[in-house]
$ cat coords04.txt   # compact mmCIF, C-alpha atoms and all ligand atoms
# COMPACT_ATOMS: atom_id res chain seq x y z
CA MET A 1133 -25.58 -21.58 74.92
CA THR A 1134 -25.45 -23.75 78.04
CA ILE A 1135 -27.21 -22.26 81.05
CA SER A 1136 -27.05 -23.83 84.47
CA PHE A 1137 -29.04 -22.91 87.53
CA ASN A 1138 -30.82 -24.38 90.50
CA ILE A 1139 -34.56 -24.37 90.18
CA ASN A 1140 -36.59 -25.23 93.26
CA GLY A 1141 -33.45 -26.80 94.64
CA GLN A 1142 -32.74 -28.93 91.56
CA PRO A 1143 -29.51 -28.33 89.61
CA THR A 1144 -30.47 -27.91 85.96
CA SER A 1145 -28.48 -27.38 82.75
CA LEU A 1146 -30.01 -26.47 79.41
CA GLU A 1147 -28.94 -25.77 75.84
CA VAL A 1148 -30.94 -22.70 74.94
CA ASP A 1149 -30.75 -19.35 73.16
CA GLY A 1150 -29.68 -17.01 75.95
CA ASP A 1151 -32.26 -14.40 74.98
CA THR A 1152 -35.17 -16.78 75.56
CA PRO A 1153 -37.39 -15.42 78.31
CA LEU A 1154 -36.96 -17.37 81.53
CA LEU A 1155 -40.74 -17.82 81.59
CA TRP A 1156 -40.58 -19.81 78.33
CA VAL A 1157 -37.87 -22.02 79.78
CA VAL A 1158 -39.72 -22.61 83.02
CA ARG A 1159 -43.04 -23.41 81.41
CA ASP A 1160 -42.14 -25.04 78.11
CA MET A 1161 -38.78 -26.67 78.73
CA LEU A 1162 -39.05 -27.54 82.42
CA ASP A 1163 -42.79 -28.09 82.35
CA LEU A 1164 -43.44 -26.05 85.47
CA LYS A 1165 -46.80 -24.55 84.55
CA GLY A 1166 -47.53 -22.72 87.80
CA THR A 1167 -45.87 -19.51 86.59
CA LYS A 1168 -48.25 -17.77 84.21
CA PHE A 1169 -48.02 -15.71 81.06
CA GLY A 1170 -50.19 -12.61 81.15
CA CYS A 1171 -48.81 -9.73 79.11
CA GLY A 1172 -45.24 -10.61 78.14
CA LYS A 1173 -44.27 -6.98 78.78
CA ALA A 1174 -43.41 -6.83 82.47
CA ALA A 1175 -46.71 -5.12 83.11
CA CYS A 1176 -49.01 -7.58 84.92
CA GLY A 1177 -46.78 -9.65 87.21
CA ALA A 1178 -48.42 -13.02 86.40
CA CYS A 1179 -44.96 -14.41 85.59
CA THR A 1180 -43.30 -13.35 88.86
CA LEU A 1181 -40.82 -15.82 90.32
CA HIS A 1182 -37.72 -15.44 92.47
CA VAL A 1183 -34.14 -15.21 91.28
CA ASP A 1184 -31.77 -15.37 94.23
CA GLY A 1185 -34.70 -14.53 96.48
CA LYS A 1186 -35.75 -11.38 94.60
CA ALA A 1187 -38.98 -11.00 92.66
CA VAL A 1188 -38.39 -10.99 88.91
CA ARG A 1189 -40.85 -10.77 86.04
CA SER A 1190 -39.73 -13.77 84.07
CA CYS A 1191 -41.44 -12.85 80.79
CA SER A 1192 -38.93 -10.03 80.41
CA TYR A 1193 -35.90 -11.74 81.91
CA ALA A 1194 -33.57 -13.37 79.41
CA VAL A 1195 -32.53 -16.81 80.61
CA LYS A 1196 -28.83 -15.92 80.21
CA TYR A 1197 -29.09 -13.77 83.34
CA ALA A 1198 -30.18 -16.83 85.34
CA ASP A 1199 -26.88 -18.66 84.83
CA GLY A 1200 -25.48 -19.77 88.19
CA LYS A 1201 -28.48 -18.45 90.13
CA ASN A 1202 -31.16 -19.94 92.36
CA ILE A 1203 -34.66 -19.79 90.95
CA THR A 1204 -37.82 -20.45 92.90
CA THR A 1205 -41.20 -20.83 91.27
CA ILE A 1206 -44.56 -21.26 92.95
CA GLU A 1207 -43.97 -25.03 92.81
CA GLY A 1208 -40.94 -24.62 95.05
CA LEU A 1209 -42.32 -22.07 97.49
CA SER A 1210 -43.38 -24.57 100.15
CA ASN A 1211 -40.89 -26.38 102.29
CA GLY A 1212 -41.75 -29.95 101.32
CA ASP A 1213 -45.19 -30.59 102.76
CA GLN A 1214 -45.09 -27.49 104.89
CA LEU A 1215 -46.86 -24.69 103.09
CA HIS A 1216 -45.24 -21.28 102.92
CA PRO A 1217 -47.12 -18.79 105.15
CA VAL A 1218 -48.28 -17.03 101.98
CA GLN A 1219 -49.82 -20.24 100.63
CA GLN A 1220 -51.43 -20.97 104.00
CA ALA A 1221 -52.86 -17.48 104.30
CA TRP A 1222 -54.12 -17.56 100.70
CA MET A 1223 -56.06 -20.72 101.49
CA GLU A 1224 -57.40 -19.40 104.76
CA GLU A 1225 -58.62 -16.17 103.16
CA ILE A 1226 -59.93 -18.03 100.08
CA VAL A 1227 -58.26 -15.42 97.88
CA PRO A 1228 -58.41 -16.73 94.30
CA GLN A 1229 -61.28 -16.23 91.95
CA CYS A 1230 -60.24 -17.52 88.51
CA GLY A 1231 -56.77 -18.01 89.99
CA TYR A 1232 -54.71 -17.04 86.96
CA CYS A 1233 -52.84 -14.15 88.51
CA GLN A 1234 -52.42 -15.74 91.92
CA PRO A 1235 -49.03 -17.49 91.62
CA GLY A 1236 -47.49 -14.19 90.56
CA PHE A 1237 -49.07 -12.35 93.48
CA MET A 1238 -48.00 -15.04 95.92
CA MET A 1239 -44.40 -14.92 94.71
CA ALA A 1240 -44.40 -11.12 94.88
CA THR A 1241 -45.83 -11.31 98.40
CA ALA A 1242 -43.27 -13.89 99.54
CA ALA A 1243 -40.51 -11.57 98.28
CA LEU A 1244 -42.11 -8.66 100.11
CA LEU A 1245 -42.33 -10.57 103.41
CA SER A 1246 -38.70 -11.54 103.24
CA GLU A 1247 -37.79 -7.83 102.99
CA ILE A 1248 -40.54 -6.34 105.17
CA PRO A 1249 -41.86 -9.00 107.57
CA ASN A 1250 -44.76 -6.85 108.79
CA PRO A 1251 -45.86 -4.69 105.88
CA THR A 1252 -48.30 -1.84 106.37
CA ASP A 1253 -51.07 -1.19 103.87
CA GLU A 1254 -48.84 1.44 102.35
CA ASP A 1255 -45.98 -1.06 101.98
CA ILE A 1256 -48.40 -3.41 100.25
CA ASP A 1257 -49.58 -0.67 97.89
CA ASN A 1258 -46.02 0.34 97.04
CA ASN A 1259 -44.59 -3.13 96.53
CA ILE A 1260 -47.37 -5.31 95.18
CA VAL A 1261 -48.38 -3.78 91.87
CA ASN A 1262 -49.42 -6.94 90.02
CA VAL A 1263 -52.72 -6.97 88.18
CA CYS A 1264 -55.74 -9.16 88.98
CA ARG A 1265 -58.53 -8.87 86.46
CA CYS A 1266 -60.93 -10.52 88.92
CA ALA A 1267 -60.10 -7.74 91.39
CA THR A 1268 -59.31 -9.96 94.35
CA TYR A 1269 -57.18 -7.17 95.82
CA TYR A 1270 -59.28 -6.83 98.96
CA ARG A 1271 -58.85 -10.48 99.90
CA MET A 1272 -55.19 -10.38 98.94
CA ARG A 1273 -54.54 -7.52 101.31
CA LYS A 1274 -56.11 -9.49 104.13
CA ALA A 1275 -54.10 -12.56 103.15
CA ILE A 1276 -50.84 -10.61 103.07
CA HIS A 1277 -51.41 -9.40 106.63
CA ARG A 1278 -52.38 -12.92 107.66
CA ALA A 1279 -49.26 -14.35 106.02
CA ALA A 1280 -47.11 -11.85 107.91
CA GLY A 1281 -48.71 -13.04 111.15
CA LEU A 1282 -48.17 -16.70 110.28
CA GLN A 1283 -44.58 -16.05 109.32
CA SER A 1284 -43.76 -14.36 112.61
CA LYS A 1285 -45.60 -17.08 114.56
CA ASN A 1286 -43.56 -19.74 112.71
CA ALA A 1287 -40.36 -17.82 113.46
CA LYS A 1288 -41.21 -17.73 117.20
CA ASN A 1289 -41.93 -21.46 117.19
CA GLN A 1290 -38.61 -22.29 115.56
CA PRO A 1291 -36.31 -24.04 118.04
CA SER A 1292 -33.46 -21.59 118.70
CA MET B 716 -38.15 -9.32 17.28
CA LYS B 717 -40.16 -11.46 19.71
CA LYS B 718 -36.94 -12.66 21.29
CA ALA B 719 -35.71 -9.12 21.70
CA HIS B 720 -39.03 -8.17 23.25
CA ARG B 721 -38.81 -11.01 25.76
CA ALA B 722 -35.24 -10.07 26.62
CA TYR B 723 -36.36 -6.48 27.12
CA LEU B 724 -39.19 -7.64 29.41
CA ALA B 725 -36.87 -9.81 31.45
CA PHE B 726 -34.38 -6.97 31.75
CA SER B 727 -37.11 -4.55 32.89
CA LEU B 728 -38.32 -7.07 35.47
CA LEU B 729 -34.82 -7.53 36.79
CA LEU B 730 -34.35 -3.79 36.95
CA ALA B 731 -37.64 -3.34 38.79
CA LEU B 732 -36.62 -6.04 41.26
CA LEU B 733 -33.31 -4.39 41.86
CA VAL B 734 -34.82 -0.97 42.30
CA PHE B 735 -37.93 -1.82 44.26
CA GLY B 736 -37.23 -5.32 45.59
CA PHE B 737 -34.38 -4.17 47.77
CA SER B 738 -35.76 -0.81 48.67
CA THR B 739 -38.90 -2.04 50.42
CA PRO B 740 -39.40 0.53 53.14
CA ARG B 741 -38.55 -0.94 56.51
CA PRO B 742 -39.44 0.73 59.79
CA HIS B 743 -36.30 2.19 61.30
CA PRO B 744 -35.74 4.82 63.97
CA PRO B 745 -35.59 8.35 62.60
CA GLU B 746 -32.06 9.66 62.26
CA PRO B 747 -31.29 12.16 65.00
CA LYS B 748 -31.70 15.68 63.67
CA LEU B 749 -28.50 17.63 63.91
CA PRO B 750 -29.01 21.18 65.11
CA GLU B 751 -27.66 23.77 62.67
CA LYS B 752 -24.84 24.77 64.97
CA SER B 753 -23.46 21.24 65.17
CA LYS B 754 -22.87 20.94 61.45
CA SER B 755 -19.28 21.90 62.00
CA THR B 756 -17.62 19.21 64.10
CA ALA B 757 -17.89 19.60 67.84
CA ALA B 758 -14.09 19.81 68.13
CA GLU B 759 -14.21 23.12 66.28
CA LEU B 760 -16.81 24.59 68.59
CA THR B 761 -16.12 27.21 71.19
CA PRO B 762 -16.82 26.03 74.75
CA GLU B 763 -19.97 28.16 74.68
CA GLN B 764 -21.24 26.46 71.51
CA ALA B 765 -20.25 23.10 72.99
CA PHE B 766 -22.37 23.94 76.05
CA ASP B 767 -25.40 24.52 73.81
CA LEU B 768 -24.85 21.24 72.03
CA MET B 769 -24.35 19.29 75.26
CA MET B 770 -27.53 20.80 76.69
CA GLU B 771 -29.55 19.70 73.66
CA VAL B 772 -28.87 16.23 75.00
CA LEU B 773 -29.07 16.74 78.75
CA THR B 774 -32.49 18.35 78.53
CA HIS B 775 -33.83 15.54 76.35
CA LYS B 776 -36.39 13.17 77.82
CA ARG B 777 -34.00 10.20 77.55
CA CYS B 778 -31.97 11.95 80.26
CA VAL B 779 -34.59 13.87 82.23
CA ASN B 780 -36.99 10.93 82.57
CA CYS B 781 -34.49 9.44 85.04
CA HIS B 782 -33.59 12.76 86.70
CA PRO B 783 -37.05 13.60 88.09
CA ALA B 784 -37.62 16.24 90.75
CA ASP B 785 -39.80 13.87 92.77
CA ASP B 786 -39.74 10.18 93.64
CA TYR B 787 -41.35 8.79 90.50
CA PRO B 788 -39.45 7.82 87.36
CA ARG B 789 -40.88 9.16 84.14
CA GLN B 790 -41.27 7.13 80.97
CA GLY B 791 -42.24 7.46 77.36
CA GLU B 792 -41.96 10.27 74.88
CA ASP B 793 -44.49 12.27 76.90
CA SER B 794 -42.55 11.72 80.15
CA HIS B 795 -45.54 10.37 82.01
CA ILE B 796 -45.16 9.05 85.54
CA HIS B 797 -43.93 5.45 85.41
CA ASN B 798 -46.82 3.01 85.23
CA PHE B 799 -47.85 1.04 88.32
CA GLY B 800 -46.80 3.80 90.73
CA VAL B 801 -43.18 2.64 90.61
CA GLN B 802 -41.12 4.62 93.12
CA ARG B 803 -37.56 5.75 93.73
CA GLY B 804 -37.09 3.89 97.04
CA PRO B 805 -34.36 4.56 99.59
CA ASP B 806 -31.37 3.99 97.29
CA ASN B 807 -32.83 5.04 93.92
CA HIS B 808 -33.28 1.40 92.87
CA GLY B 809 -36.94 1.03 93.77
CA VAL B 810 -38.72 -0.14 96.91
CA ALA B 811 -37.99 -3.31 98.91
CA ALA B 812 -39.76 -5.89 96.75
CA LEU B 813 -40.31 -3.82 93.62
CA GLN B 814 -36.80 -3.00 92.54
CA CYS B 815 -35.90 -1.59 89.14
CA GLN B 816 -34.31 -5.01 88.50
CA THR B 817 -37.65 -6.74 88.96
CA CYS B 818 -38.23 -5.70 85.35
CA HIS B 819 -35.12 -3.90 84.05
CA GLN B 820 -31.94 -5.88 83.37
CA SER B 821 -28.53 -4.89 82.02
CA GLU B 822 -29.66 -4.73 78.37
CA ASN B 823 -32.78 -3.63 76.54
CA ASN B 824 -35.33 -6.38 76.14
CA ASN B 825 -36.76 -5.66 72.73
CA HIS B 826 -39.20 -8.58 72.90
CA ALA B 827 -40.94 -7.12 75.90
CA GLY B 828 -40.10 -3.48 75.19
CA VAL B 829 -38.49 -3.13 78.61
CA PRO B 830 -35.41 -0.90 78.50
CA GLY B 831 -32.26 -1.94 80.33
CA ALA B 832 -28.65 -0.98 80.97
CA PRO B 833 -26.11 -1.73 83.70
CA GLU B 834 -27.00 -0.03 87.02
CA TRP B 835 -30.49 0.87 85.83
CA SER B 836 -31.75 3.30 88.48
CA LEU B 837 -32.89 6.85 89.06
CA ALA B 838 -30.43 9.67 89.47
CA PRO B 839 -30.30 10.66 93.15
CA ARG B 840 -32.81 13.29 94.28
CA LYS B 841 -30.04 15.90 94.47
CA MET B 842 -29.39 15.40 90.79
CA ALA B 843 -32.95 16.30 89.86
CA TRP B 844 -33.01 18.07 86.49
CA GLN B 845 -36.68 18.02 85.76
CA GLY B 846 -37.99 21.58 85.58
CA LEU B 847 -34.52 23.18 85.68
CA THR B 848 -33.14 25.52 83.03
CA ARG B 849 -29.98 24.56 81.16
CA VAL B 850 -27.96 26.91 83.34
CA GLU B 851 -29.43 25.46 86.53
CA ILE B 852 -28.68 21.93 85.32
CA ALA B 853 -25.07 22.87 84.60
CA ARG B 854 -24.64 24.56 87.98
CA SER B 855 -26.12 21.56 89.75
CA MET B 856 -23.97 19.18 87.73
CA LEU B 857 -20.80 20.97 88.75
CA ASN B 858 -21.78 21.39 92.39
CA PRO B 859 -20.05 18.65 94.43
CA GLU B 860 -22.88 18.88 96.97
CA ASN B 861 -25.30 17.70 94.29
CA ASN B 862 -23.14 15.58 92.05
CA GLY B 863 -21.92 13.06 94.61
CA GLY B 864 -18.61 14.87 95.15
CA ARG B 865 -17.46 14.46 91.56
CA THR B 866 -14.61 16.55 90.17
CA LEU B 867 -15.07 18.06 86.71
CA GLU B 868 -13.05 15.19 85.29
CA GLU B 869 -15.29 12.65 87.01
CA THR B 870 -18.37 14.48 85.81
CA VAL B 871 -17.07 14.34 82.25
CA HIS B 872 -16.41 10.63 82.71
CA HIS B 873 -19.99 10.11 83.91
CA LEU B 874 -21.40 12.12 81.02
CA THR B 875 -19.33 10.48 78.32
CA GLU B 876 -18.57 6.93 79.48
CA HIS B 877 -21.21 5.75 81.90
CA GLU B 878 -23.12 2.99 80.12
CA LEU B 879 -26.39 4.06 81.67
CA VAL B 880 -25.92 7.58 80.25
CA LEU B 881 -24.91 6.30 76.82
CA TRP B 882 -27.98 4.07 76.78
CA ALA B 883 -29.77 7.22 75.54
CA TRP B 884 -28.40 6.42 72.05
CA GLU B 885 -29.42 2.76 72.25
CA PRO B 886 -32.85 3.18 73.78
CA GLY B 887 -34.47 0.16 72.14
CA VAL B 888 -38.18 -0.14 71.49
CA ASP B 889 -41.22 0.44 73.67
CA ALA B 890 -43.93 -2.07 74.54
CA ASN B 891 -45.55 -1.51 71.12
CA GLY B 892 -42.27 -2.16 69.34
CA THR B 893 -41.86 1.52 68.42
CA PRO B 894 -38.25 2.74 68.61
CA ARG B 895 -37.70 5.23 71.41
CA GLU B 896 -36.58 8.66 70.34
CA LYS B 897 -32.85 9.33 70.60
CA PRO B 898 -31.31 12.62 71.73
CA PRO B 899 -31.11 15.22 68.95
CA VAL B 900 -27.29 15.11 68.72
CA PRO B 901 -25.34 12.02 67.65
CA LYS B 902 -23.38 10.35 70.42
CA ALA B 903 -19.90 11.11 69.06
CA GLU B 904 -20.78 14.81 68.58
CA TYR B 905 -22.18 14.97 72.09
CA ILE B 906 -19.10 13.36 73.64
CA LYS B 907 -16.84 15.79 71.79
CA ALA B 908 -19.02 18.68 72.89
CA VAL B 909 -18.84 17.68 76.57
CA LYS B 910 -15.06 17.38 76.35
CA THR B 911 -14.69 20.68 74.49
CA TRP B 912 -16.86 22.41 77.07
CA ALA B 913 -14.89 20.94 79.99
CA ALA B 914 -11.51 21.64 78.37
CA GLY B 915 -12.59 25.25 77.88
CA GLY B 916 -13.14 25.65 81.62
CA ALA B 917 -16.77 24.44 81.69
CA PRO B 918 -18.24 27.91 81.24
CA ILE B 919 -21.89 28.37 82.18
CA PRO B 920 -23.61 31.23 80.37
CA GLU B 921 -25.43 33.97 82.29
CA GLU B 922 -29.17 33.30 82.68
S1 LIG A 1301 -46.50 -11.89 81.85
FE1 LIG A 1301 -44.76 -11.07 82.77
S2 LIG A 1301 -45.46 -9.28 83.69
FE2 LIG A 1301 -47.19 -9.95 82.56
S1 LIG A 1302 -58.07 -14.20 90.37
FE1 LIG A 1302 -58.63 -13.97 88.29
S2 LIG A 1302 -57.08 -12.65 87.55
FE2 LIG A 1302 -56.73 -12.62 89.61

$ encode --input "coords04.txt" --output "structure tokens" --more "lines below"
Ligand code: FES
Ligand code: FES
Amino acid sequence: MTISFNINGQPTSLEVDGDTPLLWVVRDMLDLKGTKFGCGKAACGACTLHVDGKAVRSCSYAVKYADGKNITTIEGLSNGDQLHPVQQAWMEEIVPQCGYCQPGFMMATAALLSEIPNPTDEDIDNNIVNVCRCATYYRMRKAIHRAAGLQSKNAKNQPS
Amino acid sequence: MKKAHRAYLAFSLLLALLVFGFSTPRPHPPEPKLPEKSKSTAAELTPEQAFDLMMEVLTHKRCVNCHPADDYPRQGEDSHIHNFGVQRGPDNHGVAALQCQTCHQSENNNHAGVPGAPEWSLAPRKMAWQGLTRVEIARSMLNPENNGGRTLEETVHHLTEHELVLWAWEPGVDANGTPREKPPVPKAEYIKAVKTWAAGGAPIPEE
């Protein structure tokens, strides 16, 4: 079937079996390798991206549901050269170890900050349930708080 | 003689192929076991018998896993608390950035083993069934304070037509590819039982 969506701002149309996982399409057909495959069972969060601004685990999301929607992957998280506060904070806190899980965490965090701009530790525990086998959770928590601060600082600096 | 022997061999081979070749055991979900009392059709049941049959379904894990008495969905055949600490959230669809729809879509995903149906969510807290007796479930179900103000007719509609409820008979496979257990009464029998019970005045037996 033909599926059309915007991905990172680019209109895209594909001929594809509608039951193909969106992750397969993103990585193998569109060659956007930032989104990772971890478990393929909606358990680890490595494949998290945004569909219409909401976090979705793309390994378990059939591409047919994406028709007509806006998809953002880690490659499209920044605004041109301006890093997303989550990316900035991740660099400043030197979060990654092996790095494999990080795009998924960053996308989950960006979705969290758009819903809860100043998350508490409890909000982080309840909403960010991805898995990092290198156990970088401690640095991630710091980075999430830092990203919240950067986001609100950016918002204040926006010309009104 | 030799020719006849060969023909006999070929025939036996063909027979063996027909018998065994097409009857290779394939994994398939176990057929739901029909309780004794449902062997007559549900339409012939008294409302009291229909109640029993309906409750065989409503107390099954495919229903109760999503009617918990706390804020955590249950999952699996052992009704364990949903992995990853997934929570009910303010509107029964999960918390702000970890919604049910982060993983569950409008159909089962049998590649990933993630179940799905339209409006995938928890039943509201007031519709908690976990830990209740059959009588308590029925009373709660008919109480407009608990059931979202539904009339009996609307409750029957929910029980017999809501896609999320009927998902119980199309539960797909789990993360290991094992078919989920279905309720112990076939769907058509259950639907008839609910209607027979309601048409008979929705009697609830004494405890
Ligand atoms: S790869 Fe999708 S959740 Fe693990
Ligand atoms: S940084 Fe290695 S898995 Fe998370």

$ closest_atom_pairs --input "coords04.txt" --of "chain A" --to "ligand LIG 1301 (chain A)" --cutoff "6 Å" --atoms "all atoms listed in the file" --output "CSV"
residue,atom,partner,partner_atom,distance
A:Phe1169,CA,A:LIG1301,S1,4.2
A:Gly1170,CA,A:LIG1301,S1,3.8
A:Cys1171,CA,A:LIG1301,FE2,3.8
A:Gly1172,CA,A:LIG1301,S1,4.1
A:Lys1173,CA,A:LIG1301,S2,5.6
A:Ala1174,CA,A:LIG1301,S2,3.4
A:Ala1175,CA,A:LIG1301,S2,4.4
A:Cys1176,CA,A:LIG1301,FE2,3.8
A:Gly1177,CA,A:LIG1301,S2,3.8
A:Ala1178,CA,A:LIG1301,S1,5.1
A:Cys1179,CA,A:LIG1301,FE1,4.4
A:Arg1189,CA,A:LIG1301,FE1,5.1
A:Ser1190,CA,A:LIG1301,FE1,5.9
A:Cys1191,CA,A:LIG1301,FE1,4.3

$ residues_around --input "coords04.txt" --residues "Val779 in chain B" --least-positions-apart "2" --cutoff "10 Å" --atoms "all atoms listed in the file" --output "ChimeraX atom specification"
/B:772-777,781-784,788-790,794,837-838,843-847

$ residues_near_ligand --input "coords04.txt" --ligand "ligand LIG 1302 (chain A)" --cutoff "10 Å" --atoms "only C-alpha atoms and all ligand atoms" --output "ChimeraX atom specification"
/A:1170,1176,1178,1227-1237,1262-1269,1272

$ residues_around --input "coords04.txt" --residues "Lys897 in chain B" --least-positions-apart "4" --cutoff "8 Å" --atoms "only C-alpha atoms" --output "MDAnalysis selection string"
chainID B and resid 747 777 883:886

$ interface_residues --input "coords04.txt" --of "chain B" --to "chain A" --cutoff "10 Å" --atoms "only C-alpha atoms" --output "ChimeraX atom specification"
/B:798-802,804,809-830,889-891

$ closest_residue --input "coords04.txt" --among "A:Leu1146, A:Leu1154, A:Ala1221, A:Val1195" --to "Ala1275 in chain A" --atoms "only C-alpha atoms"
A:Ala1221

$ closest_residue --input "coords04.txt" --among "B:Asn861, B:Thr875, B:Gly791, B:Ala908" --to "Arg895 in chain B" --atoms "all atoms listed in the file"
B:Gly791
